[in-house]
file coords-v4.cif (mmCIF, C-alpha atoms and all ligand atoms)
data_start
loop_
_atom_site.label_atom_id
_atom_site.label_comp_id
_atom_site.auth_asym_id
_atom_site.auth_seq_id
_atom_site.Cartn_x
_atom_site.Cartn_y
_atom_site.Cartn_z
CA MET A 1 170.38 -46.41 74.87
CA ILE A 2 168.38 -43.24 75.56
CA LYS A 3 170.71 -40.53 74.29
CA LYS A 4 168.52 -37.44 74.04
CA CYS A 5 166.28 -35.54 76.41
CA LEU A 6 163.59 -33.17 75.19
CA PHE A 7 162.59 -30.21 77.35
CA PRO A 8 159.28 -28.65 76.32
CA ALA A 9 159.75 -25.15 77.70
CA ALA A 10 157.54 -22.96 75.55
CA GLY A 11 154.56 -22.57 77.89
CA TYR A 12 153.53 -19.12 79.10
CA GLY A 13 153.78 -19.89 82.82
CA THR A 14 150.72 -17.76 83.51
CA ARG A 15 150.47 -18.99 87.10
CA PHE A 16 153.69 -17.12 87.82
CA LEU A 17 152.76 -13.79 86.31
CA PRO A 18 154.04 -11.14 86.57
CA ALA A 19 157.39 -12.91 87.23
CA THR A 20 157.10 -14.76 83.92
CA LYS A 21 156.19 -11.74 81.85
CA ALA A 22 159.74 -11.25 80.58
CA MET A 23 161.43 -14.29 82.14
CA PRO A 24 160.89 -17.96 81.28
CA LYS A 25 159.24 -20.00 84.02
CA GLU A 26 162.04 -22.56 83.61
CA MET A 27 164.55 -19.94 84.79
CA LEU A 28 162.83 -19.40 88.15
CA PRO A 29 165.40 -20.43 90.77
CA VAL A 30 164.89 -22.87 93.59
CA LEU A 31 167.59 -21.45 95.87
CA THR A 32 170.35 -20.47 93.44
CA LYS A 33 169.63 -22.82 90.54
CA PRO A 34 167.05 -22.39 87.78
CA LEU A 35 164.48 -25.17 87.42
CA ILE A 36 165.81 -26.17 84.01
CA GLN A 37 169.32 -26.70 85.40
CA TYR A 38 167.95 -29.25 87.90
CA GLY A 39 166.32 -30.93 84.91
CA VAL A 40 169.53 -31.03 82.88
CA GLU A 41 171.38 -32.46 85.90
CA GLU A 42 168.76 -35.19 86.21
CA ALA A 43 169.21 -36.07 82.53
CA VAL A 44 173.00 -36.21 82.93
CA ASP A 45 172.54 -38.47 85.95
CA ALA A 46 170.61 -40.79 83.58
CA GLY A 47 173.57 -40.90 81.19
CA ILE A 48 172.04 -38.45 78.70
CA HIS A 49 174.22 -35.68 77.26
CA THR A 50 172.20 -34.34 74.33
CA MET A 51 169.64 -31.77 75.45
CA ALA A 52 166.93 -30.69 73.02
CA ILE A 53 164.98 -27.68 74.22
CA VAL A 54 161.69 -26.45 72.76
CA THR A 55 161.47 -22.74 73.47
CA GLY A 56 159.22 -19.90 72.45
CA ARG A 57 159.20 -16.14 72.37
CA GLY A 58 160.82 -14.52 75.41
CA LYS A 59 162.83 -17.63 76.33
CA ARG A 60 166.30 -16.56 75.27
CA ALA A 61 167.56 -16.53 78.85
CA ILE A 62 167.56 -20.36 78.69
CA GLU A 63 170.05 -20.34 75.80
CA ASP A 64 172.22 -17.79 77.54
CA HIS A 65 172.22 -19.86 80.74
CA PHE A 66 173.72 -22.88 78.97
CA ASP A 67 176.45 -20.82 77.34
CA ILE A 68 179.72 -19.32 78.56
CA SER A 69 179.52 -15.76 79.81
CA TYR A 70 183.05 -14.58 79.05
CA GLU A 71 182.68 -11.24 80.72
CA LEU A 72 181.43 -12.78 83.94
CA GLU A 73 184.06 -15.54 83.87
CA HIS A 74 186.79 -12.96 83.38
CA GLN A 75 185.41 -10.84 86.21
CA ILE A 76 185.35 -13.56 88.87
CA LYS A 77 188.35 -15.65 87.74
CA GLY A 78 190.73 -16.19 90.62
CA THR A 79 188.30 -14.74 93.19
CA SER A 80 186.49 -16.53 96.01
CA LYS A 81 183.32 -16.49 93.90
CA GLU A 82 184.64 -18.64 91.07
CA HIS A 83 183.18 -21.83 92.52
CA TYR A 84 179.63 -20.53 92.00
CA LEU A 85 180.01 -21.29 88.31
CA THR A 86 181.66 -24.72 88.64
CA GLU A 87 178.45 -26.78 88.26
CA ILE A 88 177.02 -24.94 85.29
CA ARG A 89 180.41 -24.91 83.56
CA GLY A 90 180.61 -28.69 84.03
CA LEU A 91 177.20 -29.13 82.36
CA ILE A 92 178.18 -26.92 79.44
CA GLU A 93 181.33 -28.99 78.92
CA GLN A 94 179.58 -32.36 79.14
CA CYS A 95 176.45 -31.67 77.12
CA THR A 96 175.30 -30.32 73.80
CA PHE A 97 172.25 -28.09 73.75
CA SER A 98 170.08 -27.54 70.73
CA TYR A 99 166.95 -25.46 70.41
CA THR A 100 163.87 -25.13 68.32
CA ARG A 101 160.94 -22.77 68.71
CA GLN A 102 157.29 -23.61 69.11
CA VAL A 103 155.69 -20.76 67.22
CA GLU A 104 152.15 -21.28 68.50
CA MET A 105 151.56 -22.74 71.97
CA LYS A 106 149.16 -25.50 71.00
CA GLY A 107 149.84 -27.77 73.95
CA LEU A 108 152.39 -30.22 75.31
CA GLY A 109 151.77 -32.79 72.55
CA HIS A 110 152.38 -30.11 69.95
CA ALA A 111 155.56 -28.96 71.76
CA ILE A 112 156.87 -32.54 71.68
CA LEU A 113 156.07 -32.83 67.98
CA THR A 114 157.93 -29.55 67.41
CA GLY A 115 160.98 -31.24 68.97
CA GLU A 116 161.00 -34.04 66.39
CA THR A 117 163.54 -32.16 64.30
CA LEU A 118 166.00 -32.33 67.23
CA ILE A 119 165.27 -35.95 68.19
CA GLY A 120 164.92 -37.90 64.95
CA ASN A 121 164.01 -41.57 64.84
CA GLU A 122 165.09 -42.87 68.25
CA PRO A 123 163.56 -43.36 71.71
CA PHE A 124 163.99 -40.30 73.89
CA ALA A 125 163.28 -38.84 77.31
CA VAL A 126 160.96 -35.91 77.98
CA LEU A 127 161.44 -33.78 81.07
CA LEU A 128 159.12 -30.98 82.18
CA ALA A 129 161.39 -28.76 84.22
CA ASP A 130 158.55 -27.32 86.27
CA ASP A 131 158.09 -30.75 87.85
CA LEU A 132 161.15 -30.75 90.08
CA CYS A 133 162.09 -34.27 91.19
CA ASP A 134 164.46 -35.49 93.85
CA GLY A 135 165.04 -39.19 93.27
CA SER A 136 165.72 -41.50 96.20
CA GLY A 137 167.99 -44.53 96.50
CA GLY A 138 170.84 -42.67 94.81
CA ALA A 139 169.18 -42.44 91.39
CA GLY A 140 167.28 -39.61 89.74
CA VAL A 141 163.78 -40.31 88.41
CA LEU A 142 164.90 -40.27 84.76
CA SER A 143 167.72 -42.63 85.59
CA GLN A 144 165.22 -45.06 87.15
CA MET A 145 163.09 -44.84 84.00
CA VAL A 146 165.98 -45.34 81.58
CA ARG A 147 166.81 -48.54 83.47
CA LEU A 148 163.21 -49.70 83.10
CA TYR A 149 163.25 -48.95 79.39
CA GLU A 150 166.05 -51.48 78.97
CA THR A 151 163.59 -54.17 80.11
CA TYR A 152 160.32 -53.02 78.52
CA ARG A 153 161.42 -51.16 75.36
CA CYS A 154 158.20 -49.16 75.09
CA SER A 155 156.94 -45.76 76.18
CA ILE A 156 157.06 -45.14 79.93
CA VAL A 157 155.26 -42.48 81.99
CA ALA A 158 156.18 -41.60 85.56
CA ILE A 159 153.20 -41.63 87.88
CA GLU A 160 152.36 -40.57 91.39
CA GLU A 161 149.38 -41.22 93.63
CA VAL A 162 147.62 -37.90 94.17
CA PRO A 163 144.71 -36.98 96.47
CA ARG A 164 141.41 -37.77 94.67
CA GLU A 165 140.34 -34.13 94.65
CA GLU A 166 143.45 -33.20 92.63
CA VAL A 167 143.04 -35.64 89.72
CA SER A 168 141.57 -32.98 87.44
CA LYS A 169 144.99 -31.27 87.24
CA TYR A 170 146.67 -34.30 85.66
CA GLY A 171 146.61 -37.00 83.02
CA VAL A 172 145.23 -40.02 84.88
CA ILE A 173 145.70 -43.70 84.01
CA ALA A 174 143.79 -46.96 84.30
CA ALA A 175 146.29 -49.78 84.56
CA GLU A 176 147.12 -53.19 85.95
CA GLU A 177 150.11 -53.65 88.20
CA ILE A 178 152.50 -56.16 86.61
CA GLU A 179 155.33 -55.78 89.12
CA LYS A 180 155.60 -53.74 92.28
CA GLY A 181 155.25 -50.09 91.18
CA ILE A 182 155.14 -51.00 87.46
CA TYR A 183 151.85 -50.95 85.55
CA ARG A 184 150.62 -51.80 82.06
CA VAL A 185 148.43 -48.86 81.00
CA ASN A 186 145.00 -49.64 79.48
CA ASP A 187 143.44 -46.23 79.45
CA MET A 188 144.33 -42.63 80.18
CA VAL A 189 142.34 -39.42 80.46
CA GLU A 190 143.64 -35.84 80.48
CA LYS A 191 142.42 -33.71 83.39
CA PRO A 192 139.29 -35.78 84.15
CA ALA A 193 136.47 -34.60 86.35
CA LEU A 194 136.65 -36.30 89.74
CA GLU A 195 133.82 -38.73 88.92
CA GLU A 196 135.35 -39.65 85.56
CA ALA A 197 138.87 -40.36 86.81
CA PRO A 198 139.78 -44.03 86.33
CA SER A 199 142.17 -43.92 89.34
CA ASN A 200 144.24 -41.48 91.35
CA LEU A 201 147.46 -42.43 89.53
CA ALA A 202 148.58 -39.20 87.89
CA ILE A 203 151.18 -38.72 85.17
CA ILE A 204 153.97 -36.33 86.13
CA GLY A 205 156.53 -34.58 83.94
CA ARG A 206 158.84 -37.46 83.06
CA TYR A 207 158.42 -39.67 80.02
CA ILE A 208 160.36 -42.05 77.83
CA LEU A 209 158.79 -42.09 74.38
CA THR A 210 159.33 -44.30 71.38
CA PRO A 211 159.65 -42.31 68.14
CA ASP A 212 156.40 -43.61 66.60
CA ILE A 213 154.76 -41.06 68.94
CA PHE A 214 155.59 -38.36 66.36
CA GLU A 215 153.52 -40.08 63.67
CA ILE A 216 150.62 -40.37 66.13
CA LEU A 217 150.95 -36.73 67.23
CA ARG A 218 150.76 -35.57 63.64
CA THR A 219 147.16 -36.74 63.50
CA THR A 220 146.15 -36.14 67.13
CA LYS A 221 143.24 -33.72 67.30
CA PRO A 222 143.11 -30.95 69.89
CA GLY A 223 141.65 -32.35 73.12
CA LYS A 224 141.17 -30.89 76.61
CA ASN A 225 141.36 -27.07 76.58
CA GLY A 226 141.72 -27.13 72.77
CA GLU A 227 145.37 -28.26 73.13
CA ILE A 228 147.14 -31.18 71.47
CA GLN A 229 147.62 -33.47 74.44
CA ILE A 230 150.45 -35.99 74.77
CA THR A 231 148.03 -38.12 76.82
CA ASP A 232 145.75 -38.55 73.79
CA ALA A 233 148.68 -39.69 71.63
CA LEU A 234 149.94 -42.04 74.33
CA LEU A 235 146.49 -43.60 74.56
CA GLU A 236 146.97 -44.95 71.05
CA GLN A 237 150.21 -46.65 72.11
CA ALA A 238 148.53 -47.85 75.32
CA ARG A 239 145.74 -49.55 73.35
CA ALA A 240 148.45 -51.59 71.65
CA GLY A 241 149.83 -52.52 75.10
CA LYS A 242 152.87 -50.32 74.61
CA VAL A 243 152.81 -47.96 77.58
CA ILE A 244 154.21 -48.70 81.01
CA ALA A 245 153.56 -46.51 84.03
CA TYR A 246 156.20 -46.33 86.71
CA ARG A 247 155.66 -45.25 90.29
CA PHE A 248 159.01 -43.55 90.80
CA GLN A 249 161.13 -43.55 93.95
CA GLY A 250 161.57 -40.05 95.30
CA ARG A 251 159.77 -36.76 95.69
CA ARG A 252 158.28 -34.44 93.15
CA PHE A 253 157.31 -30.81 93.47
CA ASP A 254 154.88 -29.04 91.16
CA CYS A 255 156.96 -25.91 90.65
CA GLY A 256 154.47 -24.68 88.05
CA SER A 257 152.30 -23.69 91.03
CA VAL A 258 153.24 -21.23 93.75
CA ASP A 259 152.51 -23.74 96.55
CA GLY A 260 154.71 -26.44 95.01
CA PHE A 261 157.45 -23.95 94.32
CA VAL A 262 157.55 -22.75 97.94
CA GLU A 263 157.48 -26.36 99.15
CA ALA A 264 160.44 -27.24 96.90
CA THR A 265 162.39 -24.19 98.05
CA ASN A 266 161.90 -25.09 101.73
CA TYR A 267 162.74 -28.75 101.09
CA PHE A 268 165.98 -28.01 99.24
CA TYR A 269 166.95 -25.34 101.78
CA ARG A 270 166.45 -27.74 104.69
CA GLN A 271 168.59 -30.29 102.89
CA GLY A 272 171.41 -27.77 102.76
CA ARG A 273 171.45 -27.63 98.97
CA SER A 274 172.61 -24.39 97.46
P1 LIG A 301 151.85 -26.23 81.72
O1 LIG A 301 150.44 -26.04 81.31
O2 LIG A 301 152.12 -26.70 83.09
O3 LIG A 301 152.71 -24.90 81.55
O4 LIG A 301 152.56 -27.14 80.65
P2 LIG A 301 152.33 -23.43 81.23
O5 LIG A 301 151.27 -23.37 80.18
O6 LIG A 301 153.63 -22.78 80.92
O7 LIG A 301 151.88 -22.91 82.65
P3 LIG A 301 150.58 -22.10 83.12
O8 LIG A 301 149.53 -23.15 83.28
O9 LIG A 301 150.28 -21.07 82.08
O10 LIG A 301 151.02 -21.51 84.43
C1 LIG A 301 153.42 -28.21 80.99
C2 LIG A 301 154.74 -28.12 80.25
O11 LIG A 301 154.54 -28.10 78.84
C3 LIG A 301 155.18 -26.99 78.26
C4 LIG A 301 155.34 -25.97 79.36
O12 LIG A 301 156.46 -25.13 79.10
C5 LIG A 301 155.53 -26.85 80.59
O13 LIG A 301 156.88 -27.27 80.73
N1 LIG A 301 154.35 -26.51 77.14
C6 LIG A 301 153.00 -26.40 77.31
C7 LIG A 301 154.93 -26.17 75.94
O14 LIG A 301 156.16 -26.24 75.77
N2 LIG A 301 154.13 -25.73 74.92
C8 LIG A 301 152.78 -25.61 75.05
O15 LIG A 301 152.12 -25.22 74.06
C9 LIG A 301 152.21 -25.96 76.27
#
call {"tool": "encode", "arguments": {"input": "coords-v4.cif", "output": "structure tokens"}}
result
Amino acid sequence: MIKKCLFPAAGYGTRFLPATKAMPKEMLPVLTKPLIQYGVEEAVDAGIHTMAIVTGRGKRAIEDHFDISYELEHQIKGTSKEHYLTEIRGLIEQCTFSYTRQVEMKGLGHAILTGETLIGNEPFAVLLADDLCDGSGGAGVLSQMVRLYETYRCSIVAIEEVPREEVSKYGVIAAEEIEKGIYRVNDMVEKPALEEAPSNLAIIGRYILTPDIFEILRTTKPGKNGEIQITDALLEQARAGKVIAYRFQGRRFDCGSVDGFVEATNYFYRQGRS
């Protein structure tokens, strides 16, 4: 039912400078795999095979990554190294990738609106590759959310309980629990001050959105930090009772920050992933 996944990947990644000066943040590898490849794998695990990527200047490495490199293939064909490319080749065969550019970085909401041309009029997933998730119970986080969408048929945000002192880094919700781990959202605030935060339930980088969000985003005014915030647009849907928050099963690493990135690297290394 959810057939497309949008990857907003146009941000500057300033927290990783100078590494991100000429390289997209989404191409930073955790062990041998770039963040965005983990994201694409999670989408495939959720039954999604159409990837829509919002890029910006200096992000061409993402397009090259999801394309065949004939020279390289030719070079390692028949050698002991060929298996290194098996996974990425599989993704390229199974999925289609399309791209559009966000010309001005006016925020996540604006990046999602830029992706409208690739999504059209259907519900879709949004995955922020710098939030690296490892789902538990045999299902990726997006897969868990797609299943939930079949029941609720409205926008869904993935949430996590964060320490109180960290709420100002996130979009934070006020909500009532309607089933274990599933909430109906009443209010949401982007990066609130500690004393203004309605809870410590923070939105992380996984969403299912219904396509009316585009119409709302078109008239959403710049909010926190002068950026067009997806949280502000979602609030309009929430006021109509049309946003569910889901406390996902699994672990999430904030790979947009150096600490989270190191934590993810150690975690995946200990698990023997390569
Ligand atoms: P972040 O604020 O975490 O990413 O945006 P950033 O701006 O790249 O990182 P820093 O803070 O400068 O280090 C969350 C997600 O939204 C995307 C980013 O690429 C990231 O995946 N984004 C953000 C856009 O695509 N466009 C924007 O205008 C802003």
call {"tool": "closest_residue", "arguments": {"input": "coords-v4.cif", "among": "A:Tyr12, A:Tyr99, A:Phe66, A:Tyr84", "to": "Gly256 of chain A", "atoms": "all atoms listed in the file"}}
result
A:Tyr12
call {"tool": "residues_near_ligand", "arguments": {"input": "coords-v4.cif", "ligand": "ligand LIG 301 (chain A)", "cutoff": "6 Å", "atoms": "all atoms listed in the file", "output": "list in words"}}
result
Pro8, Ala9, Ala10, Gly11, Tyr12, Gly13, Thr14, Arg15, Met105, Lys106, Gly107, Leu108, Ala111, Leu128, Ala129, Asp130 and Gly256 of chain A
call {"tool": "residues_around", "arguments": {"input": "coords-v4.cif", "residues": "Leu127 of chain A", "least_positions_apart": "6", "cutoff": "12 Å", "atoms": "all atoms listed in the file", "output": "ChimeraX atom specification"}}
result
/A:4-9,26,35-44,46,48,51-54,108,112,133,140-143,145,157-158,204-209
call {"tool": "residues_near_point", "arguments": {"input": "coords-v4.cif", "point": "(154.7, -47.3, 79.8)", "cutoff": "6 Å", "atoms": "all atoms listed in the file", "output": "ChimeraX atom specification"}}
result
/A:155-157,243-245
call {"tool": "closest_residue", "arguments": {"input": "coords-v4.cif", "among": "A:Ala264, A:Ile182, A:Cys255, A:Val172", "to": "Asp232 of chain A", "atoms": "only C-alpha atoms"}}
result
A:Val172
call {"tool": "closest_residue", "arguments": {"input": "coords-v4.cif", "among": "A:Ala22, A:Leu113, A:Ile92, A:Ile178", "to": "Thr219 of chain A", "atoms": "only C-alpha atoms"}}
result
A:Leu113
call {"tool": "closest_residue", "arguments": {"input": "coords-v4.cif", "among": "A:Lys21, A:Lys77, A:His49, A:His65", "to": "Lys33 of chain A", "atoms": "only C-alpha atoms"}}
result
A:His65
call {"tool": "atom_distance", "arguments": {"input": "coords-v4.cif", "atom1": "atom CA of Val262 of chain A", "atom2": "atom CA of Pro34 of chain A"}}
result
13.9 Å
call {"tool": "residues_near_point", "arguments": {"input": "coords-v4.cif", "point": "(161.4, -23.3, 68.0)", "cutoff": "7 Å", "atoms": "only C-alpha atoms", "output": "PDB file with C-alpha atoms, keeping the file's coordinate frame"}}
result
ATOM      1  CA  VAL A  54     161.690 -26.450  72.760  1.00  0.00           C
ATOM      2  CA  THR A  55     161.470 -22.740  73.470  1.00  0.00           C
ATOM      3  CA  GLY A  56     159.220 -19.900  72.450  1.00  0.00           C
ATOM      4  CA  TYR A  99     166.950 -25.460  70.410  1.00  0.00           C
ATOM      5  CA  THR A 100     163.870 -25.130  68.320  1.00  0.00           C
ATOM      6  CA  ARG A 101     160.940 -22.770  68.710  1.00  0.00           C
ATOM      7  CA  GLN A 102     157.290 -23.610  69.110  1.00  0.00           C
ATOM      8  CA  VAL A 103     155.690 -20.760  67.220  1.00  0.00           C
TER       9      VAL A 103
END
call {"tool": "closest_residue", "arguments": {"input": "coords-v4.cif", "among": "A:Leu201, A:Ala174, A:Val189, A:Cys154", "to": "Lys242 of chain A", "atoms": "all atoms listed in the file"}}
result
A:Cys154
call {"tool": "residues_around", "arguments": {"input": "coords-v4.cif", "residues": "Asn225 of chain A", "least_positions_apart": "3", "cutoff": "10 Å", "atoms": "all atoms listed in the file", "output": "number ranges by chain"}}
result
A: 106-107, 190-191, 222, 228-229
call {"tool": "write_last_selection", "arguments": {"input": "coords-v4.cif", "atoms": "C-alpha atoms", "output": "PDB file, keeping the file's coordinate frame"}}
result
ATOM      1  CA  LYS A 106     149.160 -25.500  71.000  1.00  0.00           C
ATOM      2  CA  GLY A 107     149.840 -27.770  73.950  1.00  0.00           C
ATOM      3  CA  GLU A 190     143.640 -35.840  80.480  1.00  0.00           C
ATOM      4  CA  LYS A 191     142.420 -33.710  83.390  1.00  0.00           C
ATOM      5  CA  PRO A 222     143.110 -30.950  69.890  1.00  0.00           C
ATOM      6  CA  ILE A 228     147.140 -31.180  71.470  1.00  0.00           C
ATOM      7  CA  GLN A 229     147.620 -33.470  74.440  1.00  0.00           C
TER       8      GLN A 229
END
call {"tool": "closest_residue", "arguments": {"input": "coords-v4.cif", "among": "A:Leu194, A:Met188, A:Met23, A:Leu91", "to": "Ile230 of chain A", "atoms": "all atoms listed in the file"}}
result
A:Met188
call {"tool": "residues_around", "arguments": {"input": "coords-v4.cif", "residues": "Asp134 of chain A", "least_positions_apart": "2", "cutoff": "9 Å", "atoms": "all atoms listed in the file", "output": "ChimeraX atom specification"}}
result
/A:42,132,136,139-141,249-253
call {"tool": "atom_distance", "arguments": {"input": "coords-v4.cif", "atom1": "atom CA of Thr114 of chain A", "atom2": "atom CA of Ala233 of chain A"}}
result
14.4 Å
call {"tool": "atom_distance", "arguments": {"input": "coords-v4.cif", "atom1": "atom CA of Met1 of chain A", "atom2": "atom CA of Gly138 of chain A"}}
result
20.3 Å
call {"tool": "residues_around", "arguments": {"input": "coords-v4.cif", "residues": "Asn200 of chain A", "least_positions_apart": "4", "cutoff": "7 Å", "atoms": "all atoms listed in the file", "output": "ChimeraX atom specification"}}
result
/A:161-164,167,172
call {"tool": "write_last_selection", "arguments": {"input": "coords-v4.cif", "atoms": "C-alpha atoms", "output": "PDB file, keeping the file's coordinate frame"}}
result
ATOM      1  CA  GLU A 161     149.380 -41.220  93.630  1.00  0.00           C
ATOM      2  CA  VAL A 162     147.620 -37.900  94.170  1.00  0.00           C
ATOM      3  CA  PRO A 163     144.710 -36.980  96.470  1.00  0.00           C
ATOM      4  CA  ARG A 164     141.410 -37.770  94.670  1.00  0.00           C
ATOM      5  CA  VAL A 167     143.040 -35.640  89.720  1.00  0.00           C
ATOM      6  CA  VAL A 172     145.230 -40.020  84.880  1.00  0.00           C
TER       7      VAL A 172
END
call {"tool": "decode", "arguments": {"input": "coords-v4.cif", "residues": "segment 215-228 of chain A", "atoms": "N, CA, C and O atoms", "output": "tab-separated table (two decimals), in the first residue's frame"}}
result
chain	number	residue	atom	x	y	z
A	215	GLU	N	-0.33	19.98	0.41
A	215	GLU	CA	-1.17	21.17	0.38
A	215	GLU	C	-0.91	22.01	1.64
A	215	GLU	O	-0.82	23.25	1.58
A	216	ILE	N	-0.78	21.34	2.77
A	216	ILE	CA	-0.54	22.06	4.03
A	216	ILE	C	0.85	22.73	3.99
A	216	ILE	O	1.01	23.89	4.36
A	217	LEU	N	1.84	21.98	3.50
A	217	LEU	CA	3.21	22.52	3.45
A	217	LEU	C	3.32	23.76	2.57
A	217	LEU	O	4.12	24.66	2.83
A	218	ARG	N	2.49	23.79	1.53
A	218	ARG	CA	2.53	24.94	0.62
A	218	ARG	C	2.24	26.24	1.34
A	218	ARG	O	2.72	27.29	0.96
A	219	THR	N	1.46	26.16	2.43
A	219	THR	CA	1.12	27.40	3.14
A	219	THR	C	1.74	27.46	4.54
A	219	THR	O	1.41	28.34	5.33
A	220	THR	N	2.62	26.51	4.85
A	220	THR	CA	3.25	26.52	6.17
A	220	THR	C	4.33	27.61	6.20
A	220	THR	O	5.21	27.65	5.34
A	221	LYS	N	4.24	28.45	7.20
A	221	LYS	CA	5.20	29.57	7.32
A	221	LYS	C	6.49	29.06	7.97
A	221	LYS	O	6.45	28.10	8.74
A	222	PRO	N	7.60	29.70	7.69
A	222	PRO	CA	8.84	29.31	8.37
A	222	PRO	C	8.64	29.36	9.89
A	222	PRO	O	8.01	30.28	10.41
A	223	GLY	N	9.14	28.36	10.59
A	223	GLY	CA	8.99	28.28	12.04
A	223	GLY	C	10.34	28.35	12.72
A	223	GLY	O	11.15	29.23	12.39
A	224	LYS	N	10.60	27.41	13.62
A	224	LYS	CA	11.86	27.38	14.37
A	224	LYS	C	13.06	27.53	13.43
A	224	LYS	O	13.11	26.89	12.37
A	225	ASN	N	14.00	28.33	13.80
A	225	ASN	CA	15.22	28.60	13.02
A	225	ASN	C	14.95	29.14	11.61
A	225	ASN	O	15.78	29.01	10.71
A	226	GLY	N	13.75	29.69	11.39
A	226	GLY	CA	13.42	30.25	10.08
A	226	GLY	C	13.22	29.19	9.01
A	226	GLY	O	13.17	29.51	7.81
A	227	GLU	N	13.08	27.91	9.41
A	227	GLU	CA	12.92	26.83	8.43
A	227	GLU	C	11.46	26.36	8.36
A	227	GLU	O	10.71	26.50	9.34
A	228	ILE	N	11.08	25.84	7.21
A	228	ILE	CA	9.73	25.27	7.09
A	228	ILE	C	9.78	23.88	7.72
A	228	ILE	O	10.50	23.00	7.26
